[in-house]
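What's in input_37.tsv: TSV, C-alpha atoms
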```tsv
chain	number	residue	atom	x	y	z
A	3	MET	CA	107.94	20.55	-118.82
A	4	THR	CA	110.49	18.97	-121.19
A	5	MET	CA	110.60	15.20	-120.83
A	6	HIS	CA	113.75	13.06	-120.75
A	7	SER	CA	114.44	11.71	-124.26
A	8	ALA	CA	112.80	8.28	-124.45
A	9	THR	CA	115.82	6.67	-126.13
A	10	LEU	CA	118.29	8.04	-123.59
A	11	ALA	CA	115.96	7.22	-120.72
A	12	ILE	CA	115.59	3.55	-121.66
A	13	ASN	CA	119.33	3.22	-122.18
A	14	GLU	CA	120.02	4.60	-118.72
A	15	ALA	CA	117.32	2.40	-117.15
A	16	ILE	CA	118.63	-0.77	-118.79
A	17	GLN	CA	122.23	0.05	-117.93
A	18	ALA	CA	121.17	0.49	-114.29
A	19	ARG	CA	119.46	-2.93	-114.33
A	20	LYS	CA	122.56	-4.56	-115.81
A	21	ALA	CA	124.77	-2.86	-113.26
A	22	ALA	CA	122.52	-4.34	-110.55
A	23	GLY	CA	123.19	-7.82	-111.91
A	24	GLU	CA	120.04	-8.37	-113.98
A	25	LYS	CA	120.29	-10.17	-117.31
A	26	VAL	CA	118.75	-7.80	-119.85
A	27	LEU	CA	118.85	-8.05	-123.62
A	28	HIS	CA	119.37	-4.43	-124.67
A	29	LEU	CA	117.35	-3.74	-127.83
A	30	GLY	CA	116.23	-0.28	-126.79
A	31	PHE	CA	118.99	2.13	-127.79
A	32	GLY	CA	120.45	3.04	-131.17
A	33	GLU	CA	124.11	3.10	-130.28
A	34	ALA	CA	126.18	1.64	-133.11
A	35	GLY	CA	127.99	-0.70	-130.70
A	36	LEU	CA	131.41	-0.94	-132.37
A	37	PRO	CA	134.99	-0.09	-131.29
A	38	VAL	CA	137.07	2.84	-132.52
A	39	PRO	CA	139.64	2.10	-135.26
A	40	GLU	CA	143.18	2.51	-134.00
A	41	ARG	CA	144.23	5.26	-136.39
A	42	VAL	CA	141.08	7.30	-135.73
A	43	ALA	CA	141.77	7.15	-132.00
A	44	ALA	CA	145.38	8.17	-132.63
A	45	VAL	CA	144.31	11.22	-134.65
A	46	LEU	CA	142.12	12.34	-131.77
A	47	GLY	CA	144.96	11.86	-129.31
A	48	GLU	CA	147.38	13.81	-131.47
A	49	ALA	CA	144.94	16.73	-131.52
A	50	ALA	CA	144.46	16.83	-127.74
A	51	GLY	CA	146.54	19.98	-127.49
A	52	ARG	CA	144.14	21.95	-129.67
A	53	ASN	CA	142.39	23.63	-126.79
A	54	GLY	CA	141.51	27.00	-128.30
A	55	TYR	CA	138.19	28.27	-129.56
A	56	GLY	CA	137.68	28.07	-133.30
A	57	PRO	CA	135.13	29.41	-135.80
A	58	VAL	CA	131.51	28.50	-135.10
A	59	VAL	CA	131.19	26.81	-138.50
A	60	GLY	CA	134.26	24.64	-137.92
A	61	SER	CA	137.87	24.66	-139.07
A	62	ARG	CA	138.76	25.11	-142.72
A	63	GLU	CA	140.35	21.66	-142.65
A	64	ALA	CA	137.20	19.95	-141.39
A	65	ARG	CA	134.88	21.88	-143.71
A	66	GLU	CA	136.99	21.08	-146.77
A	67	ALA	CA	137.03	17.41	-145.81
A	68	ALA	CA	133.23	17.41	-145.43
A	69	ALA	CA	132.83	19.21	-148.76
A	70	GLY	CA	134.95	16.56	-150.43
A	71	TRP	CA	132.98	13.82	-148.68
A	72	PHE	CA	129.69	15.17	-150.04
A	73	THR	CA	131.17	15.75	-153.49
A	74	ARG	CA	132.39	12.14	-153.75
A	75	ARG	CA	128.81	11.11	-152.98
A	76	ALA	CA	127.43	12.92	-156.04
A	77	LEU	CA	126.55	16.14	-154.17
A	78	PRO	CA	129.03	18.83	-155.25
A	79	THR	CA	129.74	20.99	-152.23
A	80	ASP	CA	131.95	23.93	-151.30
A	81	ALA	CA	133.47	24.24	-147.83
A	82	GLY	CA	131.45	27.43	-147.40
A	83	GLN	CA	128.25	25.36	-147.37
A	84	VAL	CA	129.28	23.26	-144.34
A	85	LEU	CA	128.71	23.75	-140.62
A	86	PHE	CA	129.97	21.49	-137.81
A	87	ALA	CA	128.40	21.04	-134.38
A	88	PRO	CA	128.58	18.76	-131.33
A	89	GLY	CA	126.32	16.13	-132.88
A	90	SER	CA	123.73	16.31	-135.65
A	91	LYS	CA	121.09	16.59	-132.92
A	92	ALA	CA	122.30	20.12	-132.16
A	93	LEU	CA	122.12	20.99	-135.85
A	94	LEU	CA	118.58	19.67	-136.14
A	95	PHE	CA	117.55	21.85	-133.20
A	96	ALA	CA	119.28	24.87	-134.73
A	97	LEU	CA	117.52	24.30	-138.04
A	98	LEU	CA	114.12	24.06	-136.38
A	99	ALA	CA	114.90	27.26	-134.50
A	100	ALA	CA	116.05	29.10	-137.63
A	101	LEU	CA	113.54	27.96	-140.27
A	102	PRO	CA	110.07	29.56	-140.23
A	103	GLY	CA	106.84	27.61	-140.00
A	104	ASP	CA	105.58	24.46	-138.32
A	105	LEU	CA	107.12	21.01	-138.67
A	106	VAL	CA	105.72	18.42	-141.08
A	107	LEU	CA	106.77	15.00	-139.80
A	108	PRO	CA	106.41	11.42	-141.04
A	109	CYS	CA	104.94	9.20	-138.36
A	110	PRO	CA	106.41	7.18	-136.72
A	111	ALA	CA	109.60	9.22	-136.49
A	112	TRP	CA	112.68	9.48	-134.29
A	113	VAL	CA	111.71	10.70	-130.83
A	114	SER	CA	113.63	14.00	-130.78
A	115	TYR	CA	112.15	15.67	-133.86
A	116	ALA	CA	108.75	16.44	-132.32
A	117	ALA	CA	110.30	17.22	-128.94
A	118	GLN	CA	112.67	19.76	-130.47
A	119	ALA	CA	109.83	21.33	-132.44
A	120	ALA	CA	107.93	21.80	-129.18
A	121	LEU	CA	110.98	23.44	-127.60
A	122	VAL	CA	111.02	26.12	-130.32
A	123	GLY	CA	107.25	26.61	-130.31
A	124	LYS	CA	106.38	24.80	-133.54
A	125	ARG	CA	103.31	22.68	-134.10
A	126	VAL	CA	103.82	19.22	-135.55
A	127	VAL	CA	101.79	18.12	-138.58
A	128	GLU	CA	101.98	14.32	-138.59
A	129	VAL	CA	101.60	12.33	-141.81
A	130	PRO	CA	101.70	8.51	-141.89
A	131	VAL	CA	104.60	6.80	-143.64
A	132	PRO	CA	104.07	4.52	-146.67
A	133	ALA	CA	103.23	0.89	-145.97
A	134	GLU	CA	106.56	-0.51	-147.12
A	135	SER	CA	109.01	2.06	-145.76
A	136	GLY	CA	109.51	4.85	-143.27
A	137	GLY	CA	111.31	8.16	-142.97
A	138	ILE	CA	109.13	10.01	-145.47
A	139	PRO	CA	105.42	10.83	-145.40
A	140	ASP	CA	103.07	8.88	-147.62
A	141	PRO	CA	103.07	10.96	-150.85
A	142	ALA	CA	99.38	10.28	-151.43
A	143	LEU	CA	98.46	11.70	-148.03
A	144	LEU	CA	100.90	14.58	-147.74
A	145	ASP	CA	99.13	17.20	-149.86
A	146	ARG	CA	95.76	16.80	-148.16
A	147	ALA	CA	97.42	16.79	-144.72
A	148	LEU	CA	99.04	20.14	-145.50
A	149	VAL	CA	95.77	21.63	-146.71
A	150	ARG	CA	93.95	20.36	-143.63
A	151	ALA	CA	96.66	21.66	-141.31
A	152	ARG	CA	96.31	25.16	-142.72
A	153	THR	CA	92.55	25.13	-142.27
A	154	GLU	CA	93.19	24.19	-138.62
A	155	GLY	CA	95.51	27.14	-138.07
A	156	ALA	CA	98.92	25.55	-138.54
A	157	ARG	CA	101.62	27.11	-140.74
A	158	PRO	CA	103.52	24.20	-142.33
A	159	GLY	CA	107.02	25.35	-143.22
A	160	VAL	CA	109.57	22.58	-142.63
A	161	LEU	CA	109.43	18.99	-143.84
A	162	LEU	CA	111.77	16.58	-142.04
A	163	LEU	CA	112.82	13.41	-143.85
A	164	THR	CA	115.01	10.53	-142.63
A	165	VAL	CA	116.54	8.36	-145.35
A	166	PRO	CA	117.44	5.67	-144.33
A	167	ASP	CA	114.92	5.58	-141.53
A	168	ASN	CA	114.87	5.34	-137.77
A	169	PRO	CA	112.69	3.64	-136.40
A	170	THR	CA	111.82	1.22	-139.23
A	171	GLY	CA	115.26	0.41	-140.66
A	172	THR	CA	113.97	0.89	-144.21
A	173	VAL	CA	114.97	3.03	-147.20
A	174	ALA	CA	112.36	5.01	-149.10
A	175	ARG	CA	112.19	4.49	-152.87
A	176	ALA	CA	113.47	7.26	-155.11
A	177	ASP	CA	110.09	7.65	-156.82
A	178	GLN	CA	108.37	8.13	-153.45
A	179	LEU	CA	110.93	10.72	-152.43
A	180	ARG	CA	110.51	12.54	-155.74
A	181	GLU	CA	106.74	12.76	-155.19
A	182	VAL	CA	107.20	14.01	-151.63
A	183	CYS	CA	109.61	16.73	-152.78
A	184	ALA	CA	107.20	17.79	-155.53
A	185	VAL	CA	104.48	18.33	-152.91
A	186	ALA	CA	106.94	20.17	-150.67
A	187	ASP	CA	107.87	22.42	-153.58
A	188	ARG	CA	104.24	23.25	-154.37
A	189	HIS	CA	103.67	24.22	-150.74
A	190	GLY	CA	106.90	26.20	-150.39
A	191	LEU	CA	108.34	23.98	-147.67
A	192	ALA	CA	111.98	23.81	-146.65
A	193	VAL	CA	113.32	20.27	-146.34
A	194	ILE	CA	115.66	18.91	-143.69
A	195	SER	CA	117.10	15.62	-144.89
A	196	ASP	CA	118.52	13.67	-141.94
A	197	GLU	CA	120.99	11.30	-143.61
A	198	ILE	CA	122.83	10.05	-140.53
A	199	TYR	CA	122.35	6.41	-141.67
A	200	ALA	CA	123.17	6.96	-145.36
A	201	GLU	CA	126.49	5.09	-145.14
A	202	LEU	CA	124.81	2.01	-143.67
A	203	THR	CA	122.55	0.64	-146.41
A	204	HIS	CA	123.07	-3.08	-146.06
A	205	ASP	CA	123.75	-3.75	-149.74
A	206	GLY	CA	125.91	-0.65	-150.16
A	207	THR	CA	123.50	0.97	-152.63
A	208	PRO	CA	123.36	4.75	-152.04
A	209	ALA	CA	120.14	5.87	-150.43
A	210	PRO	CA	118.17	8.50	-152.37
A	211	SER	CA	118.38	12.09	-151.14
A	212	ALA	CA	115.92	14.95	-151.31
A	213	THR	CA	118.75	17.11	-152.67
A	214	ALA	CA	118.22	15.39	-156.03
A	215	TYR	CA	114.66	16.71	-156.25
A	216	LEU	CA	114.57	19.99	-154.28
A	217	PRO	CA	118.22	21.10	-154.24
A	218	GLU	CA	117.63	24.79	-153.61
A	219	ARG	CA	115.69	24.29	-150.32
A	220	THR	CA	117.11	21.05	-148.87
A	221	VAL	CA	119.53	20.99	-145.94
A	222	VAL	CA	121.37	17.72	-145.26
A	223	THR	CA	122.43	16.74	-141.74
A	224	SER	CA	124.81	13.91	-140.94
A	225	GLY	CA	127.49	12.87	-138.48
A	226	LEU	CA	129.83	10.11	-137.37
A	227	SER	CA	127.78	8.54	-134.58
A	228	LYS	CA	126.27	5.78	-136.72
A	229	SER	CA	128.64	4.98	-139.59
A	230	MET	CA	131.73	5.14	-137.34
A	231	ALA	CA	130.07	4.36	-133.98
A	232	LEU	CA	131.42	7.62	-132.54
A	233	GLY	CA	128.23	8.68	-130.77
A	234	GLY	CA	130.07	9.70	-127.62
A	235	TRP	CA	132.38	11.97	-129.61
A	236	ARG	CA	129.42	14.13	-130.74
A	237	ILE	CA	130.50	15.02	-134.28
A	238	GLY	CA	127.76	16.37	-136.53
A	239	PHE	CA	127.82	18.37	-139.74
A	240	ALA	CA	125.33	19.93	-142.13
A	241	ARG	CA	125.30	21.06	-145.74
A	242	VAL	CA	123.19	24.05	-146.75
A	243	PRO	CA	122.26	24.50	-150.42
A	244	GLU	CA	124.23	26.88	-152.56
A	245	GLY	CA	122.63	30.21	-153.41
A	246	PRO	CA	121.10	33.10	-151.45
A	247	TRP	CA	118.60	30.99	-149.48
A	248	GLY	CA	121.32	28.67	-148.21
A	249	ALA	CA	123.68	31.54	-147.42
A	250	ARG	CA	121.04	33.32	-145.32
A	251	LEU	CA	120.21	30.10	-143.52
A	252	LEU	CA	123.88	29.46	-142.75
A	253	GLU	CA	124.16	32.89	-141.14
A	254	ASP	CA	121.13	32.11	-138.99
A	255	LEU	CA	122.63	28.75	-137.99
A	256	ILE	CA	125.89	30.45	-137.08
A	257	GLY	CA	123.92	32.82	-134.88
A	258	VAL	CA	122.23	29.93	-133.06
A	259	GLY	CA	125.47	27.98	-132.78
A	260	SER	CA	127.38	30.96	-131.45
A	261	GLU	CA	124.98	31.23	-128.54
A	262	VAL	CA	124.47	27.51	-127.85
A	263	TRP	CA	127.63	25.49	-128.55
A	264	SER	CA	130.28	28.04	-129.71
A	265	ALA	CA	132.10	25.42	-131.82
A	266	LEU	CA	132.65	21.71	-132.11
A	267	ALA	CA	135.62	20.73	-129.91
A	268	ALA	CA	138.81	21.23	-131.92
A	269	PRO	CA	140.18	17.69	-131.38
A	270	MET	CA	136.90	16.28	-132.68
A	271	GLN	CA	137.23	18.44	-135.79
A	272	ALA	CA	140.66	16.92	-136.43
A	273	ALA	CA	139.17	13.44	-136.15
A	274	ALA	CA	136.30	14.43	-138.44
A	275	ALA	CA	138.69	15.81	-141.05
A	276	TYR	CA	140.59	12.51	-141.05
A	277	VAL	CA	137.47	10.32	-141.30
A	278	LEU	CA	135.75	12.45	-143.94
A	279	ASP	CA	138.76	12.21	-146.24
A	280	ASP	CA	137.74	8.54	-146.71
A	281	PRO	CA	141.09	6.86	-145.97
A	282	ALA	CA	141.19	3.14	-146.77
A	283	GLU	CA	141.04	2.11	-143.09
A	284	VAL	CA	137.84	4.09	-142.62
A	285	THR	CA	136.05	2.89	-145.74
A	286	ALA	CA	136.93	-0.72	-144.92
A	287	HIS	CA	135.70	-0.27	-141.35
A	288	ILE	CA	132.36	1.15	-142.52
A	289	ALA	CA	131.95	-1.65	-145.07
A	290	ALA	CA	132.51	-4.25	-142.36
A	291	ALA	CA	130.08	-2.45	-140.04
A	292	ARG	CA	127.49	-2.34	-142.81
A	293	GLY	CA	127.74	-6.10	-143.23
A	294	LEU	CA	127.56	-6.81	-139.50
A	295	HIS	CA	124.55	-4.55	-138.98
A	296	GLY	CA	122.69	-6.21	-141.85
A	297	THR	CA	123.48	-9.78	-140.79
A	298	VAL	CA	122.42	-9.33	-137.17
A	299	ALA	CA	119.36	-7.22	-138.01
A	300	ARG	CA	118.13	-9.93	-140.40
A	301	ALA	CA	118.63	-12.60	-137.74
A	302	VAL	CA	116.63	-10.61	-135.18
A	303	HIS	CA	113.99	-9.85	-137.81
A	304	ALA	CA	113.54	-13.59	-138.35
A	305	GLU	CA	112.86	-14.10	-134.63
A	306	PHE	CA	110.07	-11.54	-134.57
A	307	VAL	CA	108.47	-12.92	-137.72
A	308	ARG	CA	108.70	-16.45	-136.27
A	309	ALA	CA	106.83	-15.19	-133.20
A	310	GLY	CA	103.95	-13.95	-135.35
A	311	ALA	CA	104.77	-10.25	-135.67
A	312	VAL	CA	104.58	-8.38	-138.94
A	313	CYS	CA	107.83	-6.53	-139.59
A	314	ARG	CA	109.36	-4.66	-142.51
A	315	ALA	CA	112.60	-6.30	-143.64
A	316	PRO	CA	115.63	-4.22	-142.56
A	317	ARG	CA	117.55	-2.54	-145.35
A	318	ALA	CA	119.81	-0.09	-143.54
A	319	GLY	CA	121.19	0.71	-140.13
A	320	PHE	CA	120.23	-1.48	-137.18
A	321	TYR	CA	116.53	-1.00	-136.48
A	322	LEU	CA	113.34	-3.02	-136.77
A	323	TYR	CA	109.74	-2.01	-136.16
A	324	PRO	CA	107.71	-5.16	-135.42
A	325	ASP	CA	103.93	-5.02	-135.16
A	326	PHE	CA	102.27	-7.63	-132.93
A	327	ALA	CA	98.75	-6.96	-134.26
A	328	PRO	CA	98.43	-10.55	-135.63
A	329	VAL	CA	98.79	-11.91	-132.08
A	330	ARG	CA	96.74	-9.20	-130.38
A	331	ALA	CA	94.25	-11.74	-128.97
A	332	ASP	CA	97.05	-13.75	-127.34
A	333	LEU	CA	98.49	-10.60	-125.80
A	334	ALA	CA	95.09	-9.30	-124.68
A	335	ARG	CA	94.67	-12.43	-122.55
A	336	GLN	CA	97.75	-11.20	-120.68
A	337	HIS	CA	96.25	-7.70	-120.39
A	338	ILE	CA	98.64	-6.33	-123.02
A	339	THR	CA	96.70	-3.95	-125.25
A	340	THR	CA	99.12	-1.07	-125.89
A	341	GLY	CA	102.66	-0.65	-127.15
A	342	ALA	CA	103.78	0.59	-123.75
A	343	GLN	CA	102.32	-2.49	-122.05
A	344	LEU	CA	104.06	-4.68	-124.63
A	345	ALA	CA	107.42	-3.05	-123.98
A	346	SER	CA	106.88	-3.27	-120.22
A	347	ALA	CA	106.01	-6.98	-120.39
A	348	LEU	CA	109.07	-7.75	-122.48
A	349	LEU	CA	111.32	-5.97	-120.01
A	350	GLU	CA	109.75	-6.90	-116.69
A	351	ARG	CA	108.82	-10.51	-117.46
A	352	HIS	CA	111.39	-11.53	-120.05
A	353	GLY	CA	114.41	-9.25	-119.69
A	354	VAL	CA	114.17	-7.76	-123.18
A	355	GLY	CA	114.36	-3.97	-123.54
A	356	VAL	CA	112.60	-2.33	-126.51
A	357	LEU	CA	111.01	1.08	-126.95
A	358	ALA	CA	107.24	1.38	-127.46
A	359	GLY	CA	106.05	2.79	-130.76
A	360	GLU	CA	104.16	5.60	-129.06
A	361	ALA	CA	107.54	7.18	-128.18
A	362	PHE	CA	107.92	7.70	-131.94
A	363	GLY	CA	104.49	9.27	-132.35
A	364	ASP	CA	102.66	6.03	-133.09
A	365	GLU	CA	99.15	5.42	-131.78
A	366	VAL	CA	98.95	4.28	-128.17
A	367	SER	CA	96.91	1.18	-129.01
A	368	GLY	CA	99.39	0.01	-131.64
A	369	LEU	CA	101.27	-3.11	-130.55
A	370	ARG	CA	104.49	-1.86	-132.10
A	371	ALA	CA	107.99	-1.25	-130.83
A	372	ARG	CA	111.34	0.03	-132.08
A	373	VAL	CA	114.02	-2.63	-131.81
A	374	ALA	CA	117.72	-1.74	-132.03
A	375	THR	CA	120.06	-4.65	-132.77
A	376	SER	CA	123.44	-2.91	-132.53
A	377	LEU	CA	124.25	-3.65	-128.90
A	378	LEU	CA	124.31	-7.42	-129.51
A	379	TYR	CA	127.86	-7.48	-130.87
A	380	GLY	CA	129.56	-7.98	-127.52
A	381	GLU	CA	130.20	-6.52	-124.10
A	382	THR	CA	133.92	-5.89	-124.63
A	383	ALA	CA	135.99	-4.27	-127.34
A	384	ASP	CA	137.58	-7.65	-128.14
A	385	GLU	CA	134.18	-9.27	-128.66
A	386	ARG	CA	133.04	-6.40	-130.85
A	387	TRP	CA	136.18	-6.55	-132.98
A	388	GLU	CA	135.65	-10.29	-133.40
A	389	ALA	CA	132.04	-9.73	-134.43
A	390	LEU	CA	133.10	-7.07	-136.91
A	391	ARG	CA	135.67	-9.39	-138.49
A	392	SER	CA	133.61	-12.58	-138.41
A	393	ASP	CA	132.21	-14.24	-141.52
A	394	ASP	CA	129.36	-15.60	-139.39
A	395	PRO	CA	128.74	-13.23	-136.47
A	396	VAL	CA	125.41	-14.80	-135.45
A	397	ALA	CA	127.30	-18.02	-134.65
A	398	LEU	CA	129.53	-16.29	-132.11
A	399	PRO	CA	128.57	-17.52	-128.63
A	400	TRP	CA	127.53	-14.14	-127.23
A	401	VAL	CA	125.45	-13.23	-130.29
A	402	ALA	CA	123.89	-16.70	-130.41
A	403	ASP	CA	123.06	-16.45	-126.69
A	404	SER	CA	121.30	-13.13	-127.29
A	405	LEU	CA	119.25	-14.61	-130.13
A	406	ASN	CA	118.32	-17.57	-127.94
A	407	HIS	CA	117.29	-15.18	-125.16
A	408	LEU	CA	115.10	-13.27	-127.60
A	409	ARG	CA	113.60	-16.46	-129.06
A	410	GLY	CA	112.67	-17.72	-125.61
A	411	ALA	CA	111.19	-14.39	-124.57
A	412	LEU	CA	109.04	-14.07	-127.66
A	413	SER	CA	107.90	-17.68	-127.42
A	414	SER	CA	106.84	-17.17	-123.82
A	415	LEU	CA	105.15	-13.87	-124.66
A	416	VAL	CA	102.93	-15.15	-127.47
A	417	GLY	CA	102.97	-18.89	-126.88
```
Rewrite the structure of this file - the entire thing - as structure tokens.
Amino acid sequence: MTMHSATLAINEAIQARKAAGEKVLHLGFGEAGLPVPERVAAVLGEAAGRNGYGPVVGSREAREAAAGWFTRRALPTDAGQVLFAPGSKALLFALLAALPGDLVLPCPAWVSYAAQAALVGKRVVEVPVPAESGGIPDPALLDRALVRARTEGARPGVLLLTVPDNPTGTVARADQLREVCAVADRHGLAVISDEIYAELTHDGTPAPSATAYLPERTVVTSGLSKSMALGGWRIGFARVPEGPWGARLLEDLIGVGSEVWSALAAPMQAAAAYVLDDPAEVTAHIAAARGLHGTVARAVHAEFVRAGAVCRAPRAGFYLYPDFAPVRADLARQHITTGAQLASALLERHGVGVLAGEAFGDEVSGLRARVATSLLYGETADERWEALRSDDPVALPWVADSLNHLRGALSSLVG
């Protein structure tokens, strides 16, 4: 039986509670939480009449825009290397269906990777992440994990990396990524590099990419759900490497796409083409979003640290991954000994929704949770625009109220 995605499930559960009149601080879902720029919405509206089927890979216009987008980010790309789909999630599934071998996955990792691998009959070889970052396996442990997996009957074939990372909100160092790719190369692995958060490093420094170290076998997936907060529009795109391996893979992806989604909706392709050309309005909007995400994530991080949790400092996107191990004794007195019990107590007793670490493949006994900060910017479009434009968003009444709610909940939980 295929389970309901944990991230979608908690979002629906919290929304139902809020609709019933409960006061719930929603830290459980990674929606980017920002309004749509006026011109981007206008482009979509102008394309509403494009109601015909198009090529599975996407329109020439959209693919050329994506190729230019990658090229301006130091990854020269031809339009023939690009494929569009209704969300990067569909592309990740297609890649796992098309690429041979079992999945090698950093742990903890986004909830859908392992679930999708199960849907296509792949085993999952889990490797812990480094102490200071997430999204990649610990280089020192990866080689031995692959050797052990083979002795146990697995066939490692695909390594999935997320830089920047969900759930930890960190960015792997280039030297770590280089070591990981060297191991992948020795073992003949293909690499999927999920770079959906690459535009949202808080200081604007480009995140490293596996394409720099294993260019001939690395596929990059991305989309507009995080950088542009267009999750509901479902716009994803992928870049396959140049050369025979990439060309064969693209044909396989076209085959999967032709049977599953046919093509990304034509109006969405028009919007994607506009955004991926990097017009000034779009780049300014993403820069403002980057600053807002960083400011609010740091403020929430400070609350968890103040409460006694250990937590990596956020460097990209809008996630935190606090660990309450230092206050385990305090929590045990309340019969909280697992991540799921921690998340349940926060929601049921204190009106704070987070997602337990075990949903991301973490150990059940770990007192860890994934915290998403991006739904704190406001309930209305006007509030969200004000947060986006503010020099001090944490001082806005609705953001400050949320931080006070969180502070009180954590104090009651561990006090």
Every residue with an atom at most 12 Å from (132.6, 5.6, -133.8) (file coordinates; only C-alpha atoms) is what I'm after, so could you write them as a PyMOL selection string? chain A and resi 33-43+46+225-237+270+273-274+277+284+287-288+291
Dump of C-alpha atoms for the selected residues, as a PDB file, in the coordinates of the input:
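Result file is again-v6.pdb:
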```
ATOM      1  CA  GLU A  33     124.110   3.100-130.280  1.00  0.00           C
ATOM      2  CA  ALA A  34     126.180   1.640-133.110  1.00  0.00           C
ATOM      3  CA  GLY A  35     127.990  -0.700-130.700  1.00  0.00           C
ATOM      4  CA  LEU A  36     131.410  -0.940-132.370  1.00  0.00           C
ATOM      5  CA  PRO A  37     134.990  -0.090-131.290  1.00  0.00           C
ATOM      6  CA  VAL A  38     137.070   2.840-132.520  1.00  0.00           C
ATOM      7  CA  PRO A  39     139.640   2.100-135.260  1.00  0.00           C
ATOM      8  CA  GLU A  40     143.180   2.510-134.000  1.00  0.00           C
ATOM      9  CA  ARG A  41     144.230   5.260-136.390  1.00  0.00           C
ATOM     10  CA  VAL A  42     141.080   7.300-135.730  1.00  0.00           C
ATOM     11  CA  ALA A  43     141.770   7.150-132.000  1.00  0.00           C
ATOM     12  CA  LEU A  46     142.120  12.340-131.770  1.00  0.00           C
ATOM     13  CA  GLY A 225     127.490  12.870-138.480  1.00  0.00           C
ATOM     14  CA  LEU A 226     129.830  10.110-137.370  1.00  0.00           C
ATOM     15  CA  SER A 227     127.780   8.540-134.580  1.00  0.00           C
ATOM     16  CA  LYS A 228     126.270   5.780-136.720  1.00  0.00           C
ATOM     17  CA  SER A 229     128.640   4.980-139.590  1.00  0.00           C
ATOM     18  CA  MET A 230     131.730   5.140-137.340  1.00  0.00           C
ATOM     19  CA  ALA A 231     130.070   4.360-133.980  1.00  0.00           C
ATOM     20  CA  LEU A 232     131.420   7.620-132.540  1.00  0.00           C
ATOM     21  CA  GLY A 233     128.230   8.680-130.770  1.00  0.00           C
ATOM     22  CA  GLY A 234     130.070   9.700-127.620  1.00  0.00           C
ATOM     23  CA  TRP A 235     132.380  11.970-129.610  1.00  0.00           C
ATOM     24  CA  ARG A 236     129.420  14.130-130.740  1.00  0.00           C
ATOM     25  CA  ILE A 237     130.500  15.020-134.280  1.00  0.00           C
ATOM     26  CA  MET A 270     136.900  16.280-132.680  1.00  0.00           C
ATOM     27  CA  ALA A 273     139.170  13.440-136.150  1.00  0.00           C
ATOM     28  CA  ALA A 274     136.300  14.430-138.440  1.00  0.00           C
ATOM     29  CA  VAL A 277     137.470  10.320-141.300  1.00  0.00           C
ATOM     30  CA  VAL A 284     137.840   4.090-142.620  1.00  0.00           C
ATOM     31  CA  HIS A 287     135.700  -0.270-141.350  1.00  0.00           C
ATOM     32  CA  ILE A 288     132.360   1.150-142.520  1.00  0.00           C
ATOM     33  CA  ALA A 291     130.080  -2.450-140.040  1.00  0.00           C
TER      34      ALA A 291
END
```
So that I can check the surroundings of A:Ala200, please list as a ChimeraX atom specification every protein, DNA and RNA residue that reaches within 10 Å of it, counting all atoms listed in the file and ignoring chain neighbours fewer than 2 positions away. /A:164-167,173,196-198,202-203,206-211,224,228-229,318-319
For atom CA of A:Ser260 and atom CA of A:Thr220, quote the distance in Å rounded to one decimal.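 Calculated distance between atom CA of A:Ser260 and atom CA of A:Thr220 is 22.5 Å.
Put simply, atom CA of A:Ala311 is 17.1 Å away from atom CA of A:His407.
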So that each row is one residue of stretch 133-209 of chain A with an atom at most 12 Å from stretch 98-119 of chain A, can you give its shortest atom pair and the distance in Å to one decimal, using all atoms listed in the file, rows by chain and rising number, as a Markdown table?
```
| residue | atom | partner | partner_atom | distance |
| --- | --- | --- | --- | --- |
| A:Ala133 | CA | A:Cys109 | CA | 11.4 |
| A:Ser135 | CA | A:Pro110 | CA | 10.7 |
| A:Gly136 | CA | A:Pro108 | CA | 7.6 |
| A:Gly137 | CA | A:Pro108 | CA | 6.2 |
| A:Ile138 | CA | A:Pro108 | CA | 5.4 |
| A:Pro139 | CA | A:Pro108 | CA | 4.5 |
| A:Asp140 | CA | A:Pro108 | CA | 7.8 |
| A:Pro141 | CA | A:Pro108 | CA | 10.4 |
| A:Leu143 | CA | A:Pro108 | CA | 10.6 |
| A:Leu144 | CA | A:Val106 | CA | 9.1 |
| A:Asp145 | CA | A:Val106 | CA | 11.0 |
| A:Ala147 | CA | A:Val106 | CA | 9.2 |
| A:Leu148 | CA | A:Val106 | CA | 8.2 |
| A:Val149 | CA | A:Val106 | CA | 11.9 |
| A:Ala151 | CA | A:Val106 | CA | 9.6 |
| A:Arg152 | CA | A:Asp104 | CA | 10.3 |
| A:Gly155 | CA | A:Asp104 | CA | 10.4 |
| A:Ala156 | CA | A:Asp104 | CA | 6.8 |
| A:Arg157 | CA | A:Gly103 | CA | 5.3 |
| A:Pro158 | CA | A:Asp104 | CA | 4.5 |
| A:Gly159 | CA | A:Gly103 | CA | 3.9 |
| A:Val160 | CA | A:Leu105 | CA | 4.9 |
| A:Leu161 | CA | A:Val106 | CA | 4.7 |
| A:Leu162 | CA | A:Leu107 | CA | 5.7 |
| A:Leu163 | CA | A:Pro108 | CA | 7.3 |
| A:Thr164 | CA | A:Ala111 | CA | 8.3 |
| A:Val165 | CA | A:Ala111 | CA | 11.3 |
| A:Pro166 | CA | A:Ala111 | CA | 11.6 |
| A:Asp167 | CA | A:Ala111 | CA | 8.2 |
| A:Asn168 | CA | A:Trp112 | CA | 5.8 |
| A:Pro169 | CA | A:Trp112 | CA | 6.2 |
| A:Thr170 | CA | A:Pro110 | CA | 8.4 |
| A:Gly171 | CA | A:Ala111 | CA | 11.3 |
| A:Ala174 | CA | A:Pro108 | CA | 11.9 |
| A:Val182 | CA | A:Pro108 | CA | 10.9 |
| A:Val185 | CA | A:Val106 | CA | 11.9 |
| A:Ala186 | CA | A:Val106 | CA | 9.8 |
| A:His189 | CA | A:Val106 | CA | 11.5 |
| A:Gly190 | CA | A:Gly103 | CA | 10.5 |
| A:Leu191 | CA | A:Gly103 | CA | 8.6 |
| A:Ala192 | CA | A:Leu101 | CA | 7.8 |
| A:Val193 | CA | A:Val106 | CA | 9.4 |
| A:Ile194 | CA | A:Leu98 | CA | 9.1 |
| A:Ser195 | CA | A:Leu107 | CA | 11.5 |
| A:Asp196 | CA | A:Tyr115 | CA | 10.5 |
| A:Ile198 | CA | A:Trp112 | CA | 11.9 |
```
